[in-house]
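Peer 1: Hey, dropping protein-v1.cif in here, mmCIF, C-alpha atoms:
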data_model
loop_
_atom_site.label_atom_id
_atom_site.label_comp_id
_atom_site.auth_asym_id
_atom_site.auth_seq_id
_atom_site.Cartn_x
_atom_site.Cartn_y
_atom_site.Cartn_z
CA MET Z 17 -44.71 -88.24 11.49
CA PRO Z 18 -45.59 -85.48 13.95
CA LYS Z 19 -42.70 -84.58 16.25
CA LYS Z 20 -42.49 -83.20 19.78
CA ILE Z 21 -40.34 -80.08 19.52
CA LEU Z 22 -38.96 -77.68 22.13
CA ILE Z 23 -37.66 -74.41 20.71
CA THR Z 24 -35.83 -71.78 22.73
CA GLY Z 25 -35.95 -68.07 22.05
CA ALA Z 26 -39.48 -68.23 20.63
CA GLY Z 27 -40.54 -64.84 21.96
CA SER Z 28 -39.99 -63.04 18.67
CA GLY Z 29 -38.44 -63.18 15.23
CA LEU Z 30 -37.48 -66.46 13.59
CA GLY Z 31 -38.08 -68.44 16.79
CA ALA Z 32 -41.68 -67.32 17.18
CA GLY Z 33 -42.38 -67.80 13.49
CA ALA Z 34 -40.88 -71.30 13.45
CA ALA Z 35 -42.76 -72.36 16.59
CA ILE Z 36 -46.09 -71.30 15.14
CA GLY Z 37 -45.25 -72.70 11.70
CA LEU Z 38 -44.29 -76.10 13.13
CA ALA Z 39 -47.53 -76.22 15.14
CA LYS Z 40 -49.53 -75.43 12.02
CA LYS Z 41 -47.84 -78.41 10.36
CA GLY Z 42 -49.23 -80.68 13.07
CA HIS Z 43 -46.21 -81.01 15.36
CA THR Z 44 -46.49 -80.70 19.14
CA VAL Z 45 -44.49 -77.62 20.04
CA ILE Z 46 -43.16 -76.28 23.34
CA ALA Z 47 -42.31 -72.64 22.63
CA THR Z 48 -40.03 -71.25 25.32
CA VAL Z 49 -39.37 -67.56 25.87
CA GLU Z 50 -37.12 -65.52 28.14
CA SER Z 51 -39.63 -63.54 30.22
CA TRP Z 52 -43.16 -63.72 31.60
CA PRO Z 53 -44.44 -60.80 29.47
CA GLN Z 54 -43.30 -62.76 26.40
CA VAL Z 55 -45.18 -65.81 27.70
CA THR Z 56 -48.38 -63.78 27.88
CA ALA Z 57 -47.92 -62.18 24.47
CA LEU Z 58 -47.21 -65.46 22.67
CA ARG Z 59 -50.05 -67.26 24.43
CA ASN Z 60 -52.43 -64.54 23.25
CA THR Z 61 -51.16 -64.96 19.69
CA ILE Z 62 -51.71 -68.72 19.87
CA VAL Z 63 -55.26 -68.28 21.12
CA GLU Z 64 -55.98 -65.82 18.32
CA GLN Z 65 -54.75 -68.35 15.77
CA GLY Z 66 -56.72 -71.21 17.31
CA LEU Z 67 -53.70 -73.47 17.82
CA THR Z 68 -54.07 -76.21 20.43
CA ASN Z 69 -50.86 -78.18 19.90
CA ILE Z 70 -48.44 -75.50 21.09
CA THR Z 71 -47.69 -74.56 24.68
CA VAL Z 72 -45.65 -71.62 25.91
CA THR Z 73 -43.38 -71.63 28.93
CA LYS Z 74 -40.65 -69.44 30.37
CA LEU Z 75 -37.08 -70.55 29.77
CA ASN Z 76 -34.36 -68.07 30.60
CA LEU Z 77 -31.13 -69.93 29.84
CA LEU Z 78 -29.46 -68.22 32.80
CA ASP Z 79 -32.13 -69.38 35.27
CA ARG Z 80 -31.24 -72.80 36.71
CA PHE Z 81 -34.81 -73.41 37.81
CA ASP Z 82 -36.09 -72.77 34.28
CA ILE Z 83 -33.46 -75.15 32.93
CA ALA Z 84 -34.37 -77.89 35.42
CA ALA Z 85 -38.06 -77.60 34.54
CA ALA Z 86 -37.43 -77.61 30.78
CA VAL Z 87 -35.29 -80.75 30.87
CA LYS Z 88 -38.22 -82.70 32.38
CA LEU Z 89 -40.56 -81.84 29.50
CA ASP Z 90 -41.47 -84.40 26.86
CA PHE Z 91 -39.87 -83.67 23.48
CA ASP Z 92 -37.62 -85.43 20.99
CA ILE Z 93 -36.27 -82.43 19.07
CA LEU Z 94 -34.41 -79.61 20.80
CA VAL Z 95 -34.07 -76.41 18.77
CA ASN Z 96 -31.43 -74.11 20.24
CA ASN Z 97 -32.56 -70.77 18.87
CA ALA Z 98 -32.15 -68.36 21.82
CA GLY Z 99 -29.27 -65.94 21.72
CA ILE Z 100 -28.10 -62.37 22.27
CA GLY Z 101 -25.80 -60.14 20.25
CA GLU Z 102 -23.19 -57.61 21.32
CA GLY Z 103 -21.88 -55.28 18.64
CA GLY Z 104 -18.71 -53.24 18.59
CA PRO Z 105 -15.05 -53.50 17.57
CA ILE Z 106 -13.60 -56.70 18.98
CA ALA Z 107 -10.33 -54.87 19.69
CA GLU Z 108 -12.14 -52.63 22.19
CA ILE Z 109 -15.41 -54.20 23.33
CA PRO Z 110 -15.45 -54.60 27.15
CA LEU Z 111 -14.60 -58.17 28.06
CA GLU Z 112 -17.58 -58.40 30.41
CA LEU Z 113 -19.86 -58.00 27.38
CA VAL Z 114 -18.01 -60.68 25.43
CA LYS Z 115 -18.29 -63.00 28.43
CA ALA Z 116 -22.03 -62.28 28.70
CA ASN Z 117 -22.43 -63.01 24.99
CA PHE Z 118 -20.68 -66.36 25.39
CA GLU Z 119 -22.56 -67.15 28.61
CA VAL Z 120 -25.93 -67.09 26.83
CA ASN Z 121 -25.03 -68.19 23.31
CA VAL Z 122 -22.57 -70.95 24.22
CA PHE Z 123 -22.25 -71.98 27.87
CA ALA Z 124 -25.90 -71.81 28.98
CA LEU Z 125 -27.02 -73.32 25.69
CA LEU Z 126 -24.54 -76.17 26.06
CA ASP Z 127 -25.63 -76.73 29.65
CA LEU Z 128 -29.24 -77.21 28.55
CA THR Z 129 -28.23 -79.40 25.63
CA GLN Z 130 -26.03 -81.66 27.75
CA LYS Z 131 -28.82 -82.18 30.27
CA VAL Z 132 -31.33 -83.01 27.53
CA ILE Z 133 -28.95 -85.42 25.81
CA ARG Z 134 -28.13 -87.16 29.08
CA ARG Z 135 -31.86 -87.82 29.60
CA TRP Z 136 -32.32 -89.00 26.01
CA VAL Z 137 -29.40 -91.44 26.23
CA LYS Z 138 -30.67 -92.83 29.54
CA SER Z 139 -34.19 -93.24 28.12
CA LYS Z 140 -32.93 -94.44 24.71
CA VAL Z 141 -34.68 -91.56 22.92
CA LYS Z 142 -33.51 -91.19 19.34
CA GLY Z 143 -33.68 -87.42 19.43
CA LYS Z 144 -32.38 -84.53 17.39
CA VAL Z 145 -30.56 -81.33 18.35
CA VAL Z 146 -30.85 -78.38 15.99
CA PHE Z 147 -28.54 -75.40 16.46
CA ILE Z 148 -29.82 -72.19 14.91
CA SER Z 149 -26.48 -70.56 14.17
CA SER Z 150 -25.93 -67.75 11.66
CA ILE Z 151 -24.02 -66.91 8.54
CA LEU Z 152 -21.80 -65.12 11.08
CA GLY Z 153 -20.92 -68.56 12.39
CA VAL Z 154 -18.85 -69.15 9.25
CA VAL Z 155 -17.76 -65.60 8.36
CA SER Z 156 -16.68 -62.79 10.69
CA PRO Z 157 -17.09 -59.23 9.41
CA GLY Z 158 -15.71 -56.35 11.43
CA MET Z 159 -17.72 -54.78 14.26
CA LEU Z 160 -19.72 -57.95 14.96
CA GLY Z 161 -16.84 -60.10 16.19
CA SER Z 162 -18.19 -60.93 19.66
CA TYR Z 163 -21.46 -62.37 18.37
CA SER Z 164 -19.71 -64.03 15.44
CA ALA Z 165 -17.24 -65.71 17.81
CA THR Z 166 -20.10 -67.28 19.77
CA LYS Z 167 -21.60 -68.67 16.58
CA HIS Z 168 -18.21 -69.98 15.43
CA ALA Z 169 -18.03 -71.79 18.78
CA LEU Z 170 -21.43 -73.34 18.09
CA GLN Z 171 -20.15 -74.65 14.78
CA ALA Z 172 -17.27 -76.41 16.54
CA ILE Z 173 -19.58 -77.79 19.24
CA SER Z 174 -22.14 -79.08 16.76
CA GLU Z 175 -19.57 -80.76 14.52
CA ALA Z 176 -17.98 -82.59 17.45
CA MET Z 177 -21.36 -83.45 18.93
CA GLN Z 178 -22.61 -84.97 15.69
CA GLU Z 179 -19.76 -87.50 15.70
CA GLU Z 180 -20.06 -88.23 19.42
CA LEU Z 181 -23.81 -88.91 19.39
CA ARG Z 182 -23.98 -91.04 16.26
CA GLU Z 183 -23.67 -94.25 18.29
CA PHE Z 184 -26.75 -93.23 20.29
CA ASP Z 185 -28.85 -92.46 17.18
CA ILE Z 186 -29.15 -88.81 18.20
CA GLN Z 187 -28.94 -86.43 15.26
CA VAL Z 188 -27.31 -83.00 15.20
CA GLN Z 189 -28.00 -80.30 12.63
CA THR Z 190 -27.13 -76.64 12.16
CA ILE Z 191 -29.11 -73.99 10.33
CA ASN Z 192 -27.28 -70.80 9.38
CA PRO Z 193 -29.70 -68.02 8.45
CA GLY Z 194 -28.62 -65.10 6.35
CA PRO Z 195 -29.43 -61.46 7.18
CA TYR Z 196 -33.17 -61.65 7.75
CA PHE Z 197 -34.99 -58.52 8.86
CA THR Z 198 -36.21 -59.35 12.37
CA GLY Z 199 -34.54 -56.36 14.01
CA PHE Z 200 -31.94 -58.52 15.74
CA ASN Z 201 -28.97 -57.26 13.70
CA GLU Z 202 -30.00 -53.64 14.14
CA ARG Z 203 -30.36 -54.07 17.91
CA MET Z 204 -26.94 -55.77 18.07
CA VAL Z 205 -25.30 -52.87 16.24
CA GLU Z 206 -27.08 -50.32 18.42
CA SER Z 207 -25.95 -52.06 21.63
CA ALA Z 208 -22.39 -50.76 21.19
CA TYR Z 209 -23.42 -47.12 21.47
CA ARG Z 210 -24.02 -47.55 25.20
CA TRP Z 211 -20.26 -47.90 25.75
CA LEU Z 212 -18.49 -46.49 22.69
CA ASP Z 213 -17.07 -43.13 23.76
CA ASP Z 214 -14.98 -40.87 21.52
CA GLU Z 215 -13.05 -39.67 24.57
CA VAL Z 216 -12.14 -43.22 25.59
CA ASN Z 217 -12.12 -45.47 22.52
CA PHE Z 218 -9.85 -45.21 19.49
CA THR Z 219 -12.73 -46.44 17.30
CA SER Z 220 -14.94 -43.37 16.88
CA ARG Z 221 -18.72 -43.61 16.95
CA ALA Z 222 -18.74 -42.09 13.45
CA SER Z 223 -16.38 -44.77 12.14
CA TYR Z 224 -18.43 -47.50 13.80
CA LYS Z 225 -21.62 -46.16 12.24
CA ALA Z 226 -20.04 -45.88 8.80
CA GLN Z 227 -18.74 -49.45 8.91
CA THR Z 228 -21.94 -51.01 10.25
CA ASP Z 229 -24.11 -48.99 7.85
CA ALA Z 230 -21.98 -50.28 4.98
CA LEU Z 231 -22.58 -53.82 6.22
CA ILE Z 232 -26.30 -53.91 7.03
CA ASP Z 233 -27.93 -50.71 5.75
CA LYS Z 234 -28.93 -52.12 2.36
CA ASN Z 235 -31.86 -54.07 0.99
CA GLU Z 236 -29.98 -57.33 0.47
CA MET Z 237 -29.24 -57.40 4.22
CA ARG Z 238 -32.95 -57.15 5.10
CA LEU Z 239 -34.43 -60.35 3.72
CA ASP Z 240 -38.03 -61.41 4.37
CA PRO Z 241 -37.98 -63.55 7.55
CA ASN Z 242 -41.00 -65.57 6.38
CA ASP Z 243 -38.73 -67.19 3.80
CA MET Z 244 -36.31 -68.38 6.50
CA ILE Z 245 -39.14 -69.46 8.79
CA ALA Z 246 -40.50 -71.69 6.03
CA LYS Z 247 -37.05 -73.27 5.59
CA MET Z 248 -36.76 -73.88 9.34
CA VAL Z 249 -40.21 -75.48 9.44
CA GLU Z 250 -39.10 -77.74 6.60
CA LEU Z 251 -35.73 -78.77 8.06
CA ILE Z 252 -36.33 -79.09 11.81
CA PRO Z 253 -38.66 -82.14 11.81
CA GLU Z 254 -36.80 -84.08 9.12
CA SER Z 255 -34.82 -87.19 10.04
CA THR Z 256 -32.66 -86.90 6.91
CA GLY Z 257 -30.97 -83.94 5.29
CA PRO Z 258 -27.83 -81.83 5.37
CA PHE Z 259 -25.82 -81.31 8.54
CA ARG Z 260 -25.40 -77.60 7.75
CA THR Z 261 -27.78 -75.39 5.81
CA ILE Z 262 -26.73 -71.86 4.92
CA TYR Z 263 -29.83 -70.11 3.60
CA PRO Z 264 -30.72 -68.47 1.25
CA LYS Z 265 -28.55 -69.36 -1.72
CA GLU Z 266 -27.27 -65.79 -2.04
CA THR Z 267 -25.93 -66.01 1.52
CA ALA Z 268 -24.30 -69.37 0.79
CA ASP Z 269 -22.66 -67.78 -2.28
CA TRP Z 270 -21.44 -64.89 -0.09
CA HIS Z 271 -19.92 -67.43 2.31
CA ALA Z 272 -18.14 -69.18 -0.56
CA ALA Z 273 -16.80 -65.89 -1.91
CA ALA Z 274 -15.69 -64.81 1.57
CA GLY Z 275 -13.77 -68.07 1.93
CA VAL Z 276 -11.92 -67.47 -1.33
CA ALA Z 277 -11.17 -63.88 -0.30
CA MET Z 278 -9.85 -65.04 3.07
CA LEU Z 279 -7.43 -67.47 1.42
CA SER Z 280 -6.00 -64.65 -0.68
CA ARG Z 281 -5.85 -62.09 2.15
CA THR Z 282 -2.43 -60.74 3.04
CA ILE Z 283 -1.11 -58.76 6.01
#
Just give me the structure as structure tokens.

Peer 2:
Amino acid sequence: MPKKILITGAGSGLGAGAAIGLAKKGHTVIATVESWPQVTALRNTIVEQGLTNITVTKLNLLDRFDIAAAVKLDFDILVNNAGIGEGGPIAEIPLELVKANFEVNVFALLDLTQKVIRRWVKSKVKGKVVFISSILGVVSPGMLGSYSATKHALQAISEAMQEELREFDIQVQTINPGPYFTGFNERMVESAYRWLDDEVNFTSRASYKAQTDALIDKNEMRLDPNDMIAKMVELIPESTGPFRTIYPKETADWHAAAGVAMLSRTI
């Protein structure tokens, strides 16, 4: 059956691709983006593709007026895809940046979700909440600890929420994409250079670059995003399926291997 889906963070990358893909599958989609220029750009794309079952609206998770307007919209699936990333060594990253990362990825997201769920419960809507997390929600490599911590928090929130909402027939699901090449990871790594200073920090810029290059500067860390978009389009509307999907298989295997390595790690 066609669903009514609101997806946050649809201005680019996986969010934009999933919003358009879901609309092409016949679902009614509300694609929300952070800024007005993104609204215009995505609306132009939709017109070019001749899609009539997708609307675009502004939803900055830190704007209380945007949140209030979004909660009133008619949808039965909420896809929490919006997020920001702050790179840098967790032992040195300025706390204000960590707080900002949590404010968007956890607190503002949870605020929206709570308001939507409250309306669903009151109206007896059997809805579904989908959290677009990350492989970094279940592993935590060095130099990406702030972002990874926010996604670990989402894992805890989603697991608790799934149990709590079962009695109201509201489903909860997480999708954990691997390292798809949307530019997000590269921008997150680059963000640290605005504060990393060899005269101030004990982690040198050269060391940071060497460690992050070793992590993401390779072909297997730049997967085709269309593959992940297709998986999201498949999973989001379904009323049955796994609670957590780590995708693709190679990323799930990496997670399993990382878990074994962690158990054997010594100090």

Peer 1: Find the residues around Val120 in chain Z up to 8 Å (all atoms listed in the file counted), leave out those fewer than 2 positions away in its own chain, and share them as a VMD selection string.

Peer 2: chain Z and resid 77 to 78 99 to 100 116 to 118 122 to 125

Peer 1: How many Å lie between CA of Gly257 in chain Z and CA of Val146 in chain Z, rounded to one decimal?

Peer 2: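 Calculated distance between CA of Gly257 in chain Z and CA of Val146 in chain Z is 12.1 Å.
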
Peer 1: List the residues selected by the PyMOL selection byres ((chain Z and resi 183-195) around 8) in the file shown, writing them as a compact mmCIF listing (two decimals) with C-alpha atoms, in the frame of the given file.

Peer 2:
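Writing the result to expr15.txt gives the following:
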# COMPACT_ATOMS: atom_id res chain seq x y z
CA VAL Z 137 -29.40 -91.44 26.23
CA LYS Z 140 -32.93 -94.44 24.71
CA VAL Z 141 -34.68 -91.56 22.92
CA LYS Z 142 -33.51 -91.19 19.34
CA GLY Z 143 -33.68 -87.42 19.43
CA LYS Z 144 -32.38 -84.53 17.39
CA VAL Z 145 -30.56 -81.33 18.35
CA VAL Z 146 -30.85 -78.38 15.99
CA PHE Z 147 -28.54 -75.40 16.46
CA ILE Z 148 -29.82 -72.19 14.91
CA SER Z 149 -26.48 -70.56 14.17
CA SER Z 150 -25.93 -67.75 11.66
CA ILE Z 151 -24.02 -66.91 8.54
CA GLY Z 153 -20.92 -68.56 12.39
CA GLN Z 171 -20.15 -74.65 14.78
CA SER Z 174 -22.14 -79.08 16.76
CA MET Z 177 -21.36 -83.45 18.93
CA GLN Z 178 -22.61 -84.97 15.69
CA GLU Z 180 -20.06 -88.23 19.42
CA LEU Z 181 -23.81 -88.91 19.39
CA ARG Z 182 -23.98 -91.04 16.26
CA TYR Z 196 -33.17 -61.65 7.75
CA PHE Z 197 -34.99 -58.52 8.86
CA ASN Z 201 -28.97 -57.26 13.70
CA GLU Z 236 -29.98 -57.33 0.47
CA MET Z 237 -29.24 -57.40 4.22
CA ARG Z 238 -32.95 -57.15 5.10
CA LEU Z 239 -34.43 -60.35 3.72
CA MET Z 244 -36.31 -68.38 6.50
CA MET Z 248 -36.76 -73.88 9.34
CA SER Z 255 -34.82 -87.19 10.04
CA PRO Z 258 -27.83 -81.83 5.37
CA PHE Z 259 -25.82 -81.31 8.54
CA ARG Z 260 -25.40 -77.60 7.75
CA THR Z 261 -27.78 -75.39 5.81
CA ILE Z 262 -26.73 -71.86 4.92
CA TYR Z 263 -29.83 -70.11 3.60
CA PRO Z 264 -30.72 -68.47 1.25
CA THR Z 267 -25.93 -66.01 1.52

Peer 1: Between CA of Leu152 in chain Z and CA of Ser51 in chain Z, what is the distance in Å, rounded to a tenth?

Peer 2: 26.2 Å

Peer 1: Which of these residues is nearest to Asp243 in chain Z, using all atoms listed in the file: Z:Thr256, Z:Thr56, Z:Lys265, Z:Val216?

Peer 2: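 Using all atoms listed in the file, Asp243 in chain Z sits closest to Z:Lys265.
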
Peer 1: Could you jot down the CA of Thr71 in chain Z to CA of Leu126 in chain Z separation for me, Å, one decimal place?

Peer 2: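 About the pair CA of Thr71 in chain Z and CA of Leu126 in chain Z: they are 23.2 Å apart.
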
Peer 1: What are the nearest atom pairs, with distances in Å to one decimal, for all residues of range 96-153 of chain Z that come at most 10 Å from range 220-232 of chain Z, using only C-alpha atoms, set out by chain and rising residue number as CSV?

Peer 2:
residue,atom,partner,partner_atom,distance
Z:Gly103,CA,Z:Thr228,CA,9.4
Z:Gly104,CA,Z:Tyr224,CA,7.5
Z:Pro105,CA,Z:Tyr224,CA,7.9

Peer 1: Go ahead and write the residues just picked, C-alpha atoms, as a short mmCIF file (atom, residue, chain, number, x, y, z; two decimals), in the frame of the given file.

Peer 2:
data_model
loop_
_atom_site.label_atom_id
_atom_site.label_comp_id
_atom_site.auth_asym_id
_atom_site.auth_seq_id
_atom_site.Cartn_x
_atom_site.Cartn_y
_atom_site.Cartn_z
CA GLY Z 103 -21.88 -55.28 18.64
CA GLY Z 104 -18.71 -53.24 18.59
CA PRO Z 105 -15.05 -53.50 17.57
#

Peer 1: Have a look at Z:Thr282, Z:Asn97, Z:Asn76, Z:Ser28 and name the one nearest to Ala57 in chain Z; count all atoms listed in the file.

Peer 2: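 Smallest separation from Ala57 in chain Z among the options: Z:Ser28.
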
Peer 1: Go through Z:Ile133, Z:Ala47, Z:Ile109, Z:Ile62 one by one, measure the shortest atom-to-atom distance of each to Val87 in chain Z using all atoms listed in the file, and give the residue with the smallest value.

Peer 2: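 Of all the options, Z:Ile133 lies closest to Val87 in chain Z.
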
Peer 1: Compare Z:Trp211, Z:Phe91, Z:Phe218, Z:Tyr163 by their minimum atom-to-atom distance to Lys20 in chain Z, counting all atoms listed in the file, and give me the closest one.

Peer 2: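 Result for the nearest residue to Lys20 in chain Z: Z:Phe91.
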
Peer 1: Go through Z:Pro110, Z:Gly33, Z:Asp269, Z:Val154 and flag the residue nearest Arg210 in chain Z, using all atoms listed in the file for the distances.

Peer 2: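 Comparing Z:Pro110, Z:Gly33, Z:Asp269, Z:Val154 against Arg210 in chain Z, the winner is Z:Pro110.
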
Peer 1: Find the spatial neighbours of Lys88 in chain Z, counting all atoms listed in the file, within a cut-off of 10 Å - ignore same-chain residues fewer than 4 positions away - and output them as a list in words.

Peer 2: Ile83, Ala84, Lys131, Val132 and Arg135 of chain Z

Peer 1: I'd like to know which of Z:Arg59, Z:Lys115, Z:Lys41, Z:Lys167 is closest to Ala26 in chain Z, using only C-alpha atoms.

Peer 2: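 Ranking Z:Arg59, Z:Lys115, Z:Lys41, Z:Lys167 by distance to Ala26 in chain Z, first place goes to Z:Arg59.
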
Peer 1: Residues within 12 Å of Leu38 in chain Z, please, as an MDAnalysis selection string. Count only C-alpha atoms; anything in the same chain fewer than 3 positions from it doesn't count.

Peer 2: chainID Z and resid 18:23 26 30:35 41:47 67 69:70 93 95 245:254
